Amino acid sequence: SNAITHLKNGSGNCLLFEGFMDFLSYLTLKKNRIPEHSAIVLNSVNNLPKAQDILSKYCTIFSCLDNDESGKRAIRNLQSLCKDVKDQSAHYAKYKDLNDYLCNRFEQKQAIKKKPNRGLKM
């Protein structure tokens, strides 16, 4: 899609996502609570220029963009718009994006649940 999605809640801070699956993954990780910040879903990192006017009005941007070169380039562009950009990608540094992190985390939890109990037998 070539449109951005802007979910306003009156907060002076904004969460920024590259895709809707990353936004849904964020909500899942936060236990499906309504985000405490407004949110923008770019639907493609190429839509960042379309979101610049909106983003420039926020005090802090919590960037949850992909861990790739285009995501890193977008972070640098954001820093010229807003003094306080918090790059959240360090929290999922070993993964392509927030959704990939969530999927792998879920698979690891399932694997742990399936492990037989090797505790002491008395």
# chains A, B, ... in the order shown; residues from 1 in each chain; ligands from 1

$ select_by_dssp --residues "chain A" --states "strand (DSSP E)" --output "list in words"
Thr5, His6, Leu7, Asn13, Cys14, Leu15, Leu16, Phe17, Ser38, Ala39, Ile40, Val41, Thr60, Ile61, Phe62, Ser63, Cys64, Asp84, Val85, Lys86 and Asp87 of chain A

$ write_last_selection --atoms "N, CA and C atoms" --output "PDB file, in the first residue's frame"
ATOM      1  N   THR A   5      -0.603   4.819   7.917  1.00  0.00           N
ATOM      2  CA  THR A   5      -1.682   4.750   8.897  1.00  0.00           C
ATOM      3  C   THR A   5      -1.226   5.517  10.131  1.00  0.00           C
ATOM      4  N   HIS A   6      -2.040   6.466  10.587  1.00  0.00           N
ATOM      5  CA  HIS A   6      -1.699   7.277  11.758  1.00  0.00           C
ATOM      6  C   HIS A   6      -2.768   7.046  12.818  1.00  0.00           C
ATOM      7  N   LEU A   7      -2.370   6.449  13.930  1.00  0.00           N
ATOM      8  CA  LEU A   7      -3.277   6.182  15.042  1.00  0.00           C
ATOM      9  C   LEU A   7      -2.951   7.174  16.149  1.00  0.00           C
ATOM     10  N   ASN A  13       4.273  11.576  22.079  1.00  0.00           N
ATOM     11  CA  ASN A  13       5.262  10.626  21.572  1.00  0.00           C
ATOM     12  C   ASN A  13       4.609   9.708  20.554  1.00  0.00           C
ATOM     13  N   CYS A  14       5.456   9.135  19.700  1.00  0.00           N
ATOM     14  CA  CYS A  14       4.934   8.321  18.607  1.00  0.00           C
ATOM     15  C   CYS A  14       5.765   7.060  18.423  1.00  0.00           C
ATOM     16  N   LEU A  15       5.085   5.944  18.222  1.00  0.00           N
ATOM     17  CA  LEU A  15       5.716   4.690  17.822  1.00  0.00           C
ATOM     18  C   LEU A  15       5.714   4.656  16.295  1.00  0.00           C
ATOM     19  N   LEU A  16       6.815   4.225  15.702  1.00  0.00           N
ATOM     20  CA  LEU A  16       6.905   4.170  14.248  1.00  0.00           C
ATOM     21  C   LEU A  16       7.223   2.752  13.801  1.00  0.00           C
ATOM     22  N   PHE A  17       6.377   2.221  12.930  1.00  0.00           N
ATOM     23  CA  PHE A  17       6.530   0.851  12.434  1.00  0.00           C
ATOM     24  C   PHE A  17       6.628   0.867  10.922  1.00  0.00           C
ATOM     25  N   SER A  38       0.918   7.468  20.461  1.00  0.00           N
ATOM     26  CA  SER A  38       0.347   7.422  19.118  1.00  0.00           C
ATOM     27  C   SER A  38       1.225   6.497  18.276  1.00  0.00           C
ATOM     28  N   ALA A  39       0.721   6.079  17.119  1.00  0.00           N
ATOM     29  CA  ALA A  39       1.504   5.169  16.275  1.00  0.00           C
ATOM     30  C   ALA A  39       1.333   5.526  14.805  1.00  0.00           C
ATOM     31  N   ILE A  40       2.404   5.326  14.071  1.00  0.00           N
ATOM     32  CA  ILE A  40       2.373   5.479  12.617  1.00  0.00           C
ATOM     33  C   ILE A  40       2.909   4.185  12.007  1.00  0.00           C
ATOM     34  N   VAL A  41       2.149   3.637  11.063  1.00  0.00           N
ATOM     35  CA  VAL A  41       2.587   2.483  10.288  1.00  0.00           C
ATOM     36  C   VAL A  41       2.844   2.984   8.869  1.00  0.00           C
ATOM     37  N   THR A  60       9.010  12.790  20.921  1.00  0.00           N
ATOM     38  CA  THR A  60       9.864  11.611  20.869  1.00  0.00           C
ATOM     39  C   THR A  60       9.274  10.611  19.892  1.00  0.00           C
ATOM     40  N   ILE A  61      10.138  10.022  19.088  1.00  0.00           N
ATOM     41  CA  ILE A  61       9.718   8.965  18.169  1.00  0.00           C
ATOM     42  C   ILE A  61      10.418   7.684  18.606  1.00  0.00           C
ATOM     43  N   PHE A  62       9.632   6.661  18.890  1.00  0.00           N
ATOM     44  CA  PHE A  62      10.168   5.342  19.208  1.00  0.00           C
ATOM     45  C   PHE A  62      10.136   4.540  17.906  1.00  0.00           C
ATOM     46  N   SER A  63      11.287   4.396  17.290  1.00  0.00           N
ATOM     47  CA  SER A  63      11.363   3.761  15.982  1.00  0.00           C
ATOM     48  C   SER A  63      11.512   2.253  16.114  1.00  0.00           C
ATOM     49  N   CYS A  64      10.566   1.532  15.509  1.00  0.00           N
ATOM     50  CA  CYS A  64      10.588   0.063  15.502  1.00  0.00           C
ATOM     51  C   CYS A  64      10.723  -0.416  14.055  1.00  0.00           C
ATOM     52  N   ASP A  84      14.674  13.798  19.396  1.00  0.00           N
ATOM     53  CA  ASP A  84      14.646  12.632  20.277  1.00  0.00           C
ATOM     54  C   ASP A  84      14.057  11.410  19.557  1.00  0.00           C
ATOM     55  N   VAL A  85      14.931  10.685  18.855  1.00  0.00           N
ATOM     56  CA  VAL A  85      14.536   9.447  18.176  1.00  0.00           C
ATOM     57  C   VAL A  85      15.149   8.297  18.956  1.00  0.00           C
ATOM     58  N   LYS A  86      14.312   7.407  19.440  1.00  0.00           N
ATOM     59  CA  LYS A  86      14.782   6.248  20.192  1.00  0.00           C
ATOM     60  C   LYS A  86      14.691   5.025  19.281  1.00  0.00           C
ATOM     61  N   ASP A  87      15.847   4.532  18.845  1.00  0.00           N
ATOM     62  CA  ASP A  87      15.901   3.366  17.961  1.00  0.00           C
ATOM     63  C   ASP A  87      15.684   2.115  18.808  1.00  0.00           C
TER      64      ASP A  87
END

$ residues_around --residues "range 91-102 of chain A" --least-positions-apart "3" --cutoff "10 Å" --atoms "only C-alpha atoms" --output "ChimeraX atom specification"
/A:17-26,28-29,64-68,71,87-88,105-108

$ atom_distance --atom1 "CA of Lys31 in chain A" --atom2 "CA of Ser89 in chain A"
19.2 Å

$ residues_around --residues "Ser56 in chain A" --least-positions-apart "3" --cutoff "7 Å" --atoms "only C-alpha atoms" --output "ChimeraX atom specification"
/A:52-53,81-82

$ closest_residue --among "A:Ser80, A:Ala3, A:Gly10, A:Lys30" --to "Leu42 in chain A" --atoms "only C-alpha atoms"
A:Ala3
